$ cat run-v2.tsv   # TSV, C-alpha atoms and all ligand atoms
chain	number	residue	atom	x	y	z
B	180	MET	CA	9.07	-38.43	-12.10
B	181	PHE	CA	8.33	-36.03	-14.94
B	182	ILE	CA	11.06	-33.56	-13.97
B	183	SER	CA	14.61	-34.40	-12.93
B	184	LYS	CA	14.73	-34.54	-9.14
B	185	GLU	CA	18.48	-34.03	-9.26
B	186	LEU	CA	18.24	-30.90	-11.40
B	187	LEU	CA	15.55	-29.45	-9.12
B	188	THR	CA	17.64	-30.20	-6.02
B	189	VAL	CA	20.81	-28.68	-7.48
B	190	SER	CA	19.18	-25.61	-9.02
B	191	ALA	CA	17.11	-24.88	-5.88
B	192	ALA	CA	20.23	-25.28	-3.72
B	193	GLU	CA	21.88	-22.53	-5.80
B	194	PHE	CA	19.31	-20.24	-4.19
B	195	SER	CA	19.80	-21.71	-0.71
B	196	VAL	CA	16.58	-23.76	-0.90
B	197	GLU	CA	16.54	-27.31	0.42
B	198	LEU	CA	13.41	-29.22	-0.55
B	199	THR	CA	11.85	-32.17	1.24
B	200	ASP	CA	10.69	-35.21	-0.76
B	201	GLU	CA	7.12	-34.01	-0.33
B	202	GLN	CA	7.96	-30.58	-1.77
B	203	THR	CA	9.88	-32.20	-4.65
B	204	ASP	CA	6.81	-34.32	-5.47
B	205	MET	CA	4.68	-31.16	-5.44
B	206	PHE	CA	7.00	-29.50	-7.96
B	207	ASP	CA	6.82	-32.64	-10.12
B	208	ASN	CA	3.00	-32.61	-10.08
B	209	TYR	CA	2.93	-28.87	-10.72
B	210	ALA	CA	5.15	-29.33	-13.81
B	211	LYS	CA	2.90	-32.10	-15.14
B	212	MET	CA	-0.24	-30.01	-14.58
B	213	LEU	CA	1.41	-27.03	-16.27
B	214	VAL	CA	2.26	-28.98	-19.41
B	215	ASP	CA	-1.15	-30.73	-19.60
B	216	TYR	CA	-3.18	-27.58	-18.94
B	217	ASN	CA	-1.05	-25.66	-21.43
B	218	GLU	CA	-2.61	-27.81	-24.18
B	219	LYS	CA	-5.94	-26.02	-23.65
B	220	VAL	CA	-4.99	-22.67	-22.12
B	221	ASN	CA	-1.87	-20.84	-23.21
B	222	LEU	CA	0.13	-20.46	-20.00
B	223	THR	CA	3.78	-20.77	-20.97
B	224	ALA	CA	6.08	-21.21	-23.94
B	225	ILE	CA	8.36	-23.34	-21.76
B	226	THR	CA	7.30	-27.00	-21.72
B	227	ASP	CA	10.59	-28.92	-21.62
B	228	PRO	CA	10.87	-30.44	-18.11
B	229	ASP	CA	14.47	-29.25	-17.53
B	230	GLU	CA	13.57	-25.76	-18.71
B	231	ILE	CA	10.53	-25.68	-16.42
B	232	VAL	CA	12.81	-26.53	-13.50
B	233	ILE	CA	15.47	-23.96	-14.36
B	234	LYS	CA	13.52	-21.07	-15.89
B	235	HIS	CA	10.32	-21.25	-13.87
B	236	PHE	CA	10.88	-23.13	-10.61
B	237	ALA	CA	14.45	-22.29	-9.61
B	238	ASP	CA	14.19	-18.79	-11.05
B	239	SER	CA	11.17	-18.14	-8.82
B	240	LEU	CA	13.04	-19.57	-5.81
B	241	ALA	CA	15.81	-17.01	-6.30
B	242	ILE	CA	13.67	-14.75	-4.12
B	243	CYS	CA	14.37	-17.07	-1.18
B	244	LYS	CA	18.04	-16.17	-1.43
B	245	TYR	CA	17.79	-12.50	-2.27
B	246	ALA	CA	14.78	-11.39	-0.19
B	247	PRO	CA	15.81	-8.88	2.46
B	248	CYS	CA	14.44	-11.07	5.25
B	249	GLU	CA	12.90	-14.47	5.81
B	250	LEU	CA	9.81	-15.09	3.68
B	251	ARG	CA	7.03	-15.30	6.22
B	252	GLY	CA	3.75	-13.46	6.57
B	253	THR	CA	1.77	-12.41	3.51
B	254	LEU	CA	2.83	-12.15	-0.12
B	255	ALA	CA	0.88	-10.78	-3.10
B	256	ASP	CA	2.03	-12.22	-6.42
B	257	VAL	CA	0.92	-9.68	-9.02
B	258	GLY	CA	0.38	-10.87	-12.60
B	259	THR	CA	1.11	-14.42	-11.54
B	260	GLY	CA	0.18	-16.05	-14.89
B	261	ALA	CA	0.89	-19.75	-14.44
B	262	GLY	CA	2.04	-19.08	-10.85
B	263	PHE	CA	5.48	-17.49	-11.03
B	264	PRO	CA	7.06	-16.71	-8.68
B	265	GLY	CA	4.17	-17.22	-6.21
B	266	MET	CA	3.56	-20.97	-6.53
B	267	PRO	CA	7.18	-22.15	-6.10
B	268	LEU	CA	7.48	-19.79	-3.12
B	269	LEU	CA	4.29	-21.21	-1.62
B	270	ILE	CA	5.51	-24.79	-2.09
B	271	ALA	CA	8.94	-24.01	-0.63
B	272	SER	CA	7.86	-21.70	2.22
B	273	PRO	CA	5.10	-23.19	4.36
B	274	GLU	CA	5.15	-20.07	6.57
B	275	LEU	CA	4.03	-17.83	3.71
B	276	ARG	CA	0.40	-16.90	2.96
B	277	VAL	CA	0.25	-16.22	-0.76
B	278	THR	CA	-2.41	-14.26	-2.65
B	279	PHE	CA	-2.30	-14.71	-6.41
B	280	PHE	CA	-3.53	-11.76	-8.52
B	281	ASP	CA	-4.07	-11.79	-12.25
B	282	ALA	CA	-6.22	-9.81	-14.66
B	283	VAL	CA	-7.04	-12.97	-16.64
B	284	ASN	CA	-9.37	-15.40	-14.90
B	285	LYS	CA	-8.61	-18.44	-17.05
B	286	LYS	CA	-5.01	-18.32	-15.81
B	287	LEU	CA	-6.34	-18.19	-12.26
B	288	ASP	CA	-8.49	-21.26	-12.97
B	289	PHE	CA	-5.18	-23.07	-13.44
B	290	ILE	CA	-3.86	-21.64	-10.15
B	291	ARG	CA	-7.04	-22.76	-8.33
B	292	TYR	CA	-6.64	-26.24	-9.84
B	293	VAL	CA	-2.97	-26.53	-8.77
B	294	VAL	CA	-3.68	-25.24	-5.26
B	295	ALA	CA	-6.48	-27.81	-4.84
B	296	GLU	CA	-4.52	-30.72	-6.36
B	297	LEU	CA	-1.47	-30.04	-4.20
B	298	GLY	CA	-3.55	-29.55	-1.07
B	299	LEU	CA	-2.21	-26.03	-0.55
B	300	ASP	CA	-3.93	-23.04	0.96
B	301	ALA	CA	-3.91	-19.72	-0.91
B	302	ASN	CA	-6.07	-16.78	-1.99
B	303	VAL	CA	-6.71	-16.45	-5.71
B	304	ILE	CA	-8.04	-13.05	-6.77
B	305	HIS	CA	-9.24	-12.11	-10.21
B	306	SER	CA	-8.41	-8.41	-10.30
B	307	ARG	CA	-6.05	-5.97	-11.86
B	308	ALA	CA	-3.51	-5.10	-9.17
B	309	GLU	CA	-4.26	-1.38	-9.36
B	310	ASP	CA	-7.96	-2.06	-8.74
B	311	ALA	CA	-7.12	-4.29	-5.76
B	312	GLY	CA	-4.81	-1.58	-4.41
B	313	ARG	CA	-7.79	0.73	-3.92
B	314	LYS	CA	-9.77	-1.82	-1.92
B	315	PRO	CA	-9.41	-1.70	1.88
B	316	GLU	CA	-9.00	-5.47	2.15
B	317	TYR	CA	-5.84	-5.42	0.00
B	318	ARG	CA	-4.48	-1.88	0.35
B	319	GLU	CA	-1.22	-1.81	2.34
B	320	LYS	CA	-1.95	-5.29	3.71
B	321	PHE	CA	0.96	-7.40	2.44
B	322	ASP	CA	4.46	-7.96	3.81
B	323	PHE	CA	5.72	-8.62	0.27
B	324	ALA	CA	4.56	-8.05	-3.28
B	325	THR	CA	6.27	-9.84	-6.15
B	326	ALA	CA	5.99	-9.49	-9.91
B	327	ARG	CA	7.92	-11.36	-12.58
B	328	ALA	CA	7.86	-10.17	-16.18
B	329	VAL	CA	4.70	-8.10	-15.81
B	330	ALA	CA	5.44	-4.49	-16.84
B	331	GLN	CA	8.01	-1.71	-16.78
B	332	LEU	CA	9.29	-0.91	-13.29
B	333	ARG	CA	7.65	2.54	-13.08
B	334	ILE	CA	4.28	0.98	-13.99
B	335	LEU	CA	4.80	-1.97	-11.68
B	336	SER	CA	5.50	0.42	-8.83
B	337	GLU	CA	1.97	1.75	-9.05
B	338	TYR	CA	0.53	-1.78	-9.42
B	339	CYS	CA	2.42	-3.33	-6.52
B	340	LEU	CA	3.47	-0.80	-3.87
B	341	PRO	CA	-0.12	0.16	-2.91
B	342	LEU	CA	-0.54	-3.46	-1.77
B	343	VAL	CA	2.53	-3.41	0.51
B	344	LYS	CA	2.36	-2.35	4.15
B	345	THR	CA	4.85	0.18	5.55
B	346	GLY	CA	8.03	-1.73	6.34
B	347	GLY	CA	7.28	-4.35	3.67
B	348	TYR	CA	8.98	-4.98	0.34
B	349	PHE	CA	8.18	-5.07	-3.36
B	350	ILE	CA	10.38	-7.54	-5.27
B	351	SER	CA	10.51	-7.12	-9.05
B	352	MET	CA	12.00	-9.92	-11.17
B	353	LYS	CA	13.13	-9.41	-14.74
B	354	GLY	CA	15.39	-10.99	-17.30
B	355	SER	CA	17.19	-7.71	-17.77
B	356	ILE	CA	16.59	-4.05	-17.12
B	357	SER	CA	18.07	-0.96	-18.77
B	358	GLU	CA	19.60	1.83	-16.71
B	359	GLU	CA	16.85	4.10	-18.02
B	360	GLU	CA	14.03	1.79	-16.86
B	361	LYS	CA	15.71	1.42	-13.50
B	362	SER	CA	16.12	5.14	-12.97
B	363	PHE	CA	12.47	5.84	-13.90
B	364	GLY	CA	11.50	3.01	-11.57
B	365	ILE	CA	13.43	4.46	-8.63
B	366	THR	CA	11.77	7.85	-9.15
B	367	ALA	CA	8.39	6.09	-9.21
B	368	PHE	CA	9.17	4.24	-5.94
B	369	ASN	CA	9.51	7.61	-4.19
B	370	LYS	CA	6.07	8.74	-5.37
B	371	VAL	CA	4.36	5.71	-3.84
B	372	GLY	CA	6.01	5.72	-0.41
B	373	ALA	CA	9.00	3.52	-1.18
B	374	GLU	CA	12.73	3.64	-1.80
B	375	LEU	CA	15.24	1.44	-3.57
B	376	TYR	CA	16.49	-1.22	-1.17
B	377	ASP	CA	18.56	-3.53	-3.38
B	378	ASP	CA	19.47	-4.20	-7.00
B	379	ILE	CA	20.79	-7.71	-7.63
B	380	PHE	CA	22.19	-9.35	-10.74
B	381	TYR	CA	22.54	-13.12	-10.74
B	382	SER	CA	22.54	-16.11	-13.07
B	383	ILE	CA	20.18	-19.07	-13.17
B	384	HIS	CA	21.46	-22.63	-13.64
B	385	ASN	CA	21.82	-22.39	-17.45
B	386	GLY	CA	23.84	-19.17	-17.18
B	387	ASP	CA	21.03	-16.79	-18.21
B	388	GLU	CA	21.22	-13.46	-16.44
B	389	ARG	CA	18.47	-12.17	-14.21
B	390	ASN	CA	17.77	-9.03	-12.20
B	391	ILE	CA	15.89	-8.52	-8.96
B	392	ILE	CA	15.07	-5.02	-7.77
B	393	ILE	CA	13.75	-4.59	-4.25
B	394	ALA	CA	11.89	-1.52	-2.99
B	395	LYS	CA	11.15	-0.96	0.68
B	396	LYS	CA	7.87	0.71	1.61
B	397	VAL	CA	8.87	3.45	4.04
B	398	SER	CA	5.65	5.45	4.39
B	399	GLN	CA	1.94	5.28	3.72
B	400	ILE	CA	0.89	5.84	0.16
B	401	SER	CA	-0.95	8.99	-0.93
B	402	PRO	CA	-4.71	8.41	-1.43
B	403	LYS	CA	-4.31	9.48	-5.07
B	404	TYR	CA	-2.51	6.20	-5.89
B	405	PRO	CA	-3.00	3.80	-7.53
B	406	ARG	CA	-4.68	5.54	-10.45
B	407	ASN	CA	-6.74	3.58	-12.97
B	408	MET	CA	-5.24	1.56	-15.80
B	409	SER	CA	-5.66	4.19	-18.50
B	410	GLN	CA	-4.09	6.94	-16.38
B	411	ILE	CA	-1.19	4.65	-15.43
B	412	SER	CA	-0.46	3.72	-19.02
B	413	LYS	CA	-0.99	7.22	-20.44
B	414	LYS	CA	1.15	8.90	-17.82
B	415	PRO	CA	3.32	6.40	-15.93
B	416	LEU	CA	4.82	7.70	-12.68
C	1	LIG	N1	4.51	-13.73	-13.64
C	1	LIG	C1	4.28	-14.78	-14.60
C	1	LIG	C2	5.58	-15.35	-15.09
C	1	LIG	O1	6.63	-14.80	-14.77
C	1	LIG	O2	5.57	-16.38	-15.80
C	1	LIG	C3	3.42	-14.30	-15.77
C	1	LIG	C4	4.02	-13.22	-16.62
C	1	LIG	S1	2.96	-12.77	-17.94
C	1	LIG	C5	4.10	-12.17	-19.11
C	1	LIG	C6	2.19	-11.28	-17.30
C	1	LIG	C7	0.92	-11.57	-16.49
C	1	LIG	O3	0.54	-10.38	-15.82
C	1	LIG	C8	-0.28	-11.97	-17.34
C	1	LIG	O4	-0.84	-13.15	-16.81
C	1	LIG	C9	-1.24	-10.79	-17.24
C	1	LIG	O5	-2.60	-11.19	-17.30
C	1	LIG	C10	-0.86	-10.22	-15.88
C	1	LIG	N2	-1.10	-8.78	-15.68
C	1	LIG	C11	-0.66	-7.75	-16.44
C	1	LIG	N3	-1.01	-6.57	-15.90
C	1	LIG	C12	-1.70	-6.86	-14.75
C	1	LIG	C13	-2.32	-6.05	-13.73
C	1	LIG	N4	-2.30	-4.73	-13.79
C	1	LIG	N5	-2.90	-6.68	-12.69
C	1	LIG	C14	-2.93	-8.03	-12.63
C	1	LIG	N6	-2.36	-8.85	-13.56
C	1	LIG	C15	-1.76	-8.26	-14.60
$ encode --input "run-v2.tsv" --output "structure tokens"
Amino acid sequence: MFISKELLTVSAAEFSVELTDEQTDMFDNYAKMLVDYNEKVNLTAITDPDEIVIKHFADSLAICKYAPCELRGTLADVGTGAGFPGMPLLIASPELRVTFFDAVNKKLDFIRYVVAELGLDANVIHSRAEDAGRKPEYREKFDFATARAVAQLRILSEYCLPLVKTGGYFISMKGSISEEEKSFGITAFNKVGAELYDDIFYSIHNGDERNIIIAKKVSQISPKYPRNMSQISKKPL
């Protein structure tokens, strides 16, 4: 094994996730592919096996513990990069149908490679989230949208909430968030048919602090959202 099976088991269990041997092997292969592929395409600064387990895999699995309901149905992982949190959630939750979105296609080539090598089934879409959110096939179609370390919460709201169906949830993961960013984010939720559902602080296995903010989509989004990238960045919600 490339990663420590024990560390993966213990750190996943901290987020109420119990992995089968088959899932553990998938995480091991994923870690190896991440480190190898990272030699040619810059995907992550984290290449130490223990750090991959704690800061990428278990951190992503935190959603399994803190999600407002069981993870089943459809999930859009926005700005997935090397697959976080979407790929660990896909490996751990066979009931979930994951769509990976990223603006950078060479990162998605890695996702396509991992999905094929692990024998998984997923949609991989090269698109900015706000462009996808205007297309009928993605607009208000997902039970969950996730984003880890992608943008400020008010900006993320306009990227992610257009993808979520009424009654679904947007789950934002960050290392830390200021009160100011949070309050702008909550105001933005209300403009795109959502409201704050939960705000959770927790620690990963090495003691680092993390924050998950969950918004619930309570009504259909106005046709004026999402705006295009330049409008979003010039005048965030
Ligand atoms: N979520 C991954 C993680 O936690 O390791 C990657 C985080 S990386 C800092 C941010 C990623 O978001 C990049 O891969 C970038 O291409 C993507 N991204 C930024 N804005 C985006 C947008 N509007 N739509 C889709 N992808 C976006």
$ atom_distance --input "run-v2.tsv" --atom1 "atom CA of B:Leu375" --atom2 "atom CA of B:Ile304"
27.6 Å
$ residues_around --input "run-v2.tsv" --residues "B:Ala295" --least-positions-apart "5" --cutoff "12 Å" --atoms "all atoms listed in the file" --output "list in words"
Met205, Asn208, Tyr209, Met212, Asp288, Phe289, Ile290, Asp300, Ala301, Asn302 and Val303 of chain B
$ closest_residue --input "run-v2.tsv" --among "B:Ser382, B:Gln410, B:Ser398, B:Ser357" --to "B:Leu340" --atoms "only C-alpha atoms"
B:Ser398
$ closest_atom_pairs --input "run-v2.tsv" --of "chain B" --to "ligand LIG 1 (chain C)" --cutoff "10 Å" --atoms "all atoms listed in the file" --output "tab-separated table"
residue	atom	partner	partner_atom	distance
B:Leu222	CA	C:LIG1	O2	8.0
B:Thr223	CA	C:LIG1	O2	7.0
B:Ala224	CA	C:LIG1	O2	9.5
B:Ile225	CA	C:LIG1	O2	9.6
B:Lys234	CA	C:LIG1	O2	9.2
B:His235	CA	C:LIG1	O2	7.1
B:Asp238	CA	C:LIG1	O1	9.3
B:Ser239	CA	C:LIG1	O1	8.2
B:Asp256	CA	C:LIG1	N1	7.8
B:Val257	CA	C:LIG1	C14	5.5
B:Gly258	CA	C:LIG1	O3	3.3
B:Thr259	CA	C:LIG1	N1	4.1
B:Gly260	CA	C:LIG1	O4	3.6
B:Ala261	CA	C:LIG1	O2	5.9
B:Gly262	CA	C:LIG1	C1	6.1
B:Phe263	CA	C:LIG1	C2	4.6
B:Pro264	CA	C:LIG1	N1	6.3
B:Gly265	CA	C:LIG1	N1	8.2
B:Phe279	CA	C:LIG1	C14	9.1
B:Phe280	CA	C:LIG1	C14	5.6
B:Asp281	CA	C:LIG1	N6	3.6
B:Ala282	CA	C:LIG1	N6	4.1
B:Val283	CA	C:LIG1	O5	4.8
B:Asn284	CA	C:LIG1	O5	8.3
B:Lys285	CA	C:LIG1	O4	9.4
B:Lys286	CA	C:LIG1	O4	6.7
B:Leu287	CA	C:LIG1	O4	8.7
B:Ile304	CA	C:LIG1	C14	9.3
B:His305	CA	C:LIG1	C14	7.9
B:Ser306	CA	C:LIG1	C14	6.0
B:Arg307	CA	C:LIG1	N5	3.3
B:Ala308	CA	C:LIG1	N5	3.9
B:Glu309	CA	C:LIG1	N4	5.9
B:Asp310	CA	C:LIG1	N5	7.9
B:Ala311	CA	C:LIG1	N5	8.5
B:Gly312	CA	C:LIG1	N5	9.9
B:Thr325	CA	C:LIG1	N1	8.6
B:Ala326	CA	C:LIG1	N1	5.8
B:Arg327	CA	C:LIG1	O1	4.3
B:Ala328	CA	C:LIG1	C4	4.9
B:Val329	CA	C:LIG1	C6	4.3
B:Ala330	CA	C:LIG1	N3	6.8
B:Ile334	CA	C:LIG1	N4	8.7
B:Leu335	CA	C:LIG1	N4	7.9
B:Glu337	CA	C:LIG1	N4	9.1
B:Tyr338	CA	C:LIG1	N4	6.0
B:Cys339	CA	C:LIG1	N4	8.8
B:Met352	CA	C:LIG1	O1	8.1
B:Lys353	CA	C:LIG1	O1	8.4
B:Gly354	CA	C:LIG1	O1	9.9
B:Asn407	CA	C:LIG1	N4	9.5
B:Met408	CA	C:LIG1	N4	7.2
B:Ile411	CA	C:LIG1	N4	9.6
$ closest_residue --input "run-v2.tsv" --among "B:Arg333, B:Arg291, B:Arg318, B:Arg406" --to "B:Ala394" --atoms "all atoms listed in the file"
B:Arg333
$ residues_around --input "run-v2.tsv" --residues "B:Thr203" --least-positions-apart "5" --cutoff "9 Å" --atoms "all atoms listed in the file" --output "number ranges by chain"
B: 184, 187-188, 198, 208, 270
$ residues_near_point --input "run-v2.tsv" --point "(6.0, 6.6, -3.0)" --cutoff "10 Å" --atoms "only C-alpha atoms" --output "PyMOL selection string"
chain B and resi 336-337+340-341+365-374+395-401+404+416
$ atom_distance --input "run-v2.tsv" --atom1 "atom CA of B:Lys314" --atom2 "atom CA of B:Glu274"
25.1 Å
$ residues_around --input "run-v2.tsv" --residues "B:Val214" --least-positions-apart "4" --cutoff "7 Å" --atoms "only C-alpha atoms" --output "list in words"
Ala210, Glu218 and Thr226 of chain B
$ closest_residue --input "run-v2.tsv" --among "B:Phe181, B:Tyr317, B:Phe349, B:Phe194" --to "B:Leu240" --atoms "all atoms listed in the file"
B:Phe194
$ closest_residue --input "run-v2.tsv" --among "B:Glu296, B:Lys244, B:Ala271, B:Asn390" --to "B:Lys211" --atoms "all atoms listed in the file"
B:Glu296
$ atom_distance --input "run-v2.tsv" --atom1 "atom CA of B:Ala237" --atom2 "atom CA of B:Gln331"
22.7 Å
$ residues_near_point --input "run-v2.tsv" --point "(18.8, -11.8, -8.5)" --cutoff "7 Å" --atoms "only C-alpha atoms" --output "VMD selection string"
chain B and resid 241 245 379 to 381 389 to 391
$ write_last_selection --input "run-v2.tsv" --atoms "C-alpha atoms" --output "compact mmCIF listing (two decimals), in the coordinates of the input"
# COMPACT_ATOMS: atom_id res chain seq x y z
CA ALA B 241 15.81 -17.01 -6.30
CA TYR B 245 17.79 -12.50 -2.27
CA ILE B 379 20.79 -7.71 -7.63
CA PHE B 380 22.19 -9.35 -10.74
CA TYR B 381 22.54 -13.12 -10.74
CA ARG B 389 18.47 -12.17 -14.21
CA ASN B 390 17.77 -9.03 -12.20
CA ILE B 391 15.89 -8.52 -8.96
$ closest_residue --input "run-v2.tsv" --among "B:Pro228, B:Asp200, B:Val294, B:Tyr216" --to "B:Ile182" --atoms "only C-alpha atoms"
B:Pro228
$ closest_residue --input "run-v2.tsv" --among "B:Lys219, B:Thr345, B:Leu213, B:Ile350" --to "B:Tyr292" --atoms "all atoms listed in the file"
B:Leu213
$ decode --input "run-v2.tsv" --residues "stretch 278-304 of chain B" --atoms "N, CA and C atoms" --output "PDB file, in the first residue's frame"
ATOM      1  N   THR B 278     -21.167  14.641 -10.596  1.00  0.00           N
ATOM      2  CA  THR B 278     -20.737  15.367 -11.793  1.00  0.00           C
ATOM      3  C   THR B 278     -19.615  16.310 -11.375  1.00  0.00           C
ATOM      4  N   PHE B 279     -18.470  16.150 -12.016  1.00  0.00           N
ATOM      5  CA  PHE B 279     -17.304  16.973 -11.692  1.00  0.00           C
ATOM      6  C   PHE B 279     -17.244  18.152 -12.660  1.00  0.00           C
ATOM      7  N   PHE B 280     -17.212  19.373 -12.138  1.00  0.00           N
ATOM      8  CA  PHE B 280     -17.066  20.563 -12.975  1.00  0.00           C
ATOM      9  C   PHE B 280     -15.724  21.222 -12.682  1.00  0.00           C
ATOM     10  N   ASP B 281     -15.025  21.614 -13.730  1.00  0.00           N
ATOM     11  CA  ASP B 281     -13.878  22.502 -13.534  1.00  0.00           C
ATOM     12  C   ASP B 281     -13.699  23.342 -14.797  1.00  0.00           C
ATOM     13  N   ALA B 282     -13.124  24.518 -14.603  1.00  0.00           N
ATOM     14  CA  ALA B 282     -12.874  25.423 -15.723  1.00  0.00           C
ATOM     15  C   ALA B 282     -11.620  25.010 -16.489  1.00  0.00           C
ATOM     16  N   VAL B 283     -10.801  24.124 -15.905  1.00  0.00           N
ATOM     17  CA  VAL B 283      -9.511  23.769 -16.513  1.00  0.00           C
ATOM     18  C   VAL B 283      -9.538  22.303 -16.952  1.00  0.00           C
ATOM     19  N   ASN B 284      -9.488  22.106 -18.266  1.00  0.00           N
ATOM     20  CA  ASN B 284      -9.701  20.753 -18.792  1.00  0.00           C
ATOM     21  C   ASN B 284      -8.579  19.784 -18.439  1.00  0.00           C
ATOM     22  N   LYS B 285      -7.356  20.280 -18.291  1.00  0.00           N
ATOM     23  CA  LYS B 285      -6.277  19.315 -17.999  1.00  0.00           C
ATOM     24  C   LYS B 285      -6.441  18.714 -16.592  1.00  0.00           C
ATOM     25  N   LYS B 286      -7.109  19.422 -15.701  1.00  0.00           N
ATOM     26  CA  LYS B 286      -7.409  18.818 -14.394  1.00  0.00           C
ATOM     27  C   LYS B 286      -8.481  17.737 -14.567  1.00  0.00           C
ATOM     28  N   LEU B 287      -9.418  18.017 -15.472  1.00  0.00           N
ATOM     29  CA  LEU B 287     -10.488  17.033 -15.708  1.00  0.00           C
ATOM     30  C   LEU B 287      -9.962  15.807 -16.433  1.00  0.00           C
ATOM     31  N   ASP B 288      -8.872  15.949 -17.201  1.00  0.00           N
ATOM     32  CA  ASP B 288      -8.257  14.766 -17.813  1.00  0.00           C
ATOM     33  C   ASP B 288      -7.816  13.809 -16.701  1.00  0.00           C
ATOM     34  N   PHE B 289      -7.299  14.373 -15.622  1.00  0.00           N
ATOM     35  CA  PHE B 289      -6.917  13.533 -14.481  1.00  0.00           C
ATOM     36  C   PHE B 289      -8.161  12.856 -13.884  1.00  0.00           C
ATOM     37  N   ILE B 290      -9.230  13.610 -13.735  1.00  0.00           N
ATOM     38  CA  ILE B 290     -10.462  13.031 -13.167  1.00  0.00           C
ATOM     39  C   ILE B 290     -10.971  11.888 -14.067  1.00  0.00           C
ATOM     40  N   ARG B 291     -10.953  12.119 -15.388  1.00  0.00           N
ATOM     41  CA  ARG B 291     -11.407  11.072 -16.323  1.00  0.00           C
ATOM     42  C   ARG B 291     -10.543   9.817 -16.173  1.00  0.00           C
ATOM     43  N   TYR B 292      -9.244  10.024 -16.028  1.00  0.00           N
ATOM     44  CA  TYR B 292      -8.297   8.918 -15.874  1.00  0.00           C
ATOM     45  C   TYR B 292      -8.601   8.123 -14.585  1.00  0.00           C
ATOM     46  N   VAL B 293      -8.807   8.848 -13.483  1.00  0.00           N
ATOM     47  CA  VAL B 293      -9.068   8.163 -12.202  1.00  0.00           C
ATOM     48  C   VAL B 293     -10.385   7.396 -12.271  1.00  0.00           C
ATOM     49  N   VAL B 294     -11.409   8.041 -12.815  1.00  0.00           N
ATOM     50  CA  VAL B 294     -12.723   7.395 -12.910  1.00  0.00           C
ATOM     51  C   VAL B 294     -12.602   6.089 -13.711  1.00  0.00           C
ATOM     52  N   ALA B 295     -11.865   6.144 -14.831  1.00  0.00           N
ATOM     53  CA  ALA B 295     -11.710   4.948 -15.670  1.00  0.00           C
ATOM     54  C   ALA B 295     -10.892   3.883 -14.946  1.00  0.00           C
ATOM     55  N   GLU B 296      -9.771   4.284 -14.345  1.00  0.00           N
ATOM     56  CA  GLU B 296      -8.895   3.303 -13.673  1.00  0.00           C
ATOM     57  C   GLU B 296      -9.593   2.623 -12.500  1.00  0.00           C
ATOM     58  N   LEU B 297     -10.432   3.369 -11.794  1.00  0.00           N
ATOM     59  CA  LEU B 297     -11.098   2.789 -10.618  1.00  0.00           C
ATOM     60  C   LEU B 297     -12.407   2.098 -10.986  1.00  0.00           C
ATOM     61  N   GLY B 298     -12.765   2.171 -12.260  1.00  0.00           N
ATOM     62  CA  GLY B 298     -14.010   1.521 -12.693  1.00  0.00           C
ATOM     63  C   GLY B 298     -15.247   2.201 -12.133  1.00  0.00           C
ATOM     64  N   LEU B 299     -15.169   3.517 -11.952  1.00  0.00           N
ATOM     65  CA  LEU B 299     -16.308   4.259 -11.404  1.00  0.00           C
ATOM     66  C   LEU B 299     -17.150   4.811 -12.545  1.00  0.00           C
ATOM     67  N   ASP B 300     -18.278   5.390 -12.163  1.00  0.00           N
ATOM     68  CA  ASP B 300     -19.166   5.979 -13.159  1.00  0.00           C
ATOM     69  C   ASP B 300     -19.421   7.421 -12.713  1.00  0.00           C
ATOM     70  N   ALA B 301     -19.129   8.384 -13.590  1.00  0.00           N
ATOM     71  CA  ALA B 301     -19.327   9.790 -13.202  1.00  0.00           C
ATOM     72  C   ALA B 301     -19.398  10.648 -14.453  1.00  0.00           C
ATOM     73  N   ASN B 302     -19.966  11.844 -14.313  1.00  0.00           N
ATOM     74  CA  ASN B 302     -19.953  12.817 -15.406  1.00  0.00           C
ATOM     75  C   ASN B 302     -18.825  13.804 -15.148  1.00  0.00           C
ATOM     76  N   VAL B 303     -18.098  14.123 -16.206  1.00  0.00           N
ATOM     77  CA  VAL B 303     -16.965  15.051 -16.073  1.00  0.00           C
ATOM     78  C   VAL B 303     -17.192  16.177 -17.082  1.00  0.00           C
ATOM     79  N   ILE B 304     -17.419  17.388 -16.590  1.00  0.00           N
ATOM     80  CA  ILE B 304     -17.855  18.473 -17.460  1.00  0.00           C
ATOM     81  C   ILE B 304     -16.865  19.645 -17.406  1.00  0.00           C
TER      82      ILE B 304
END
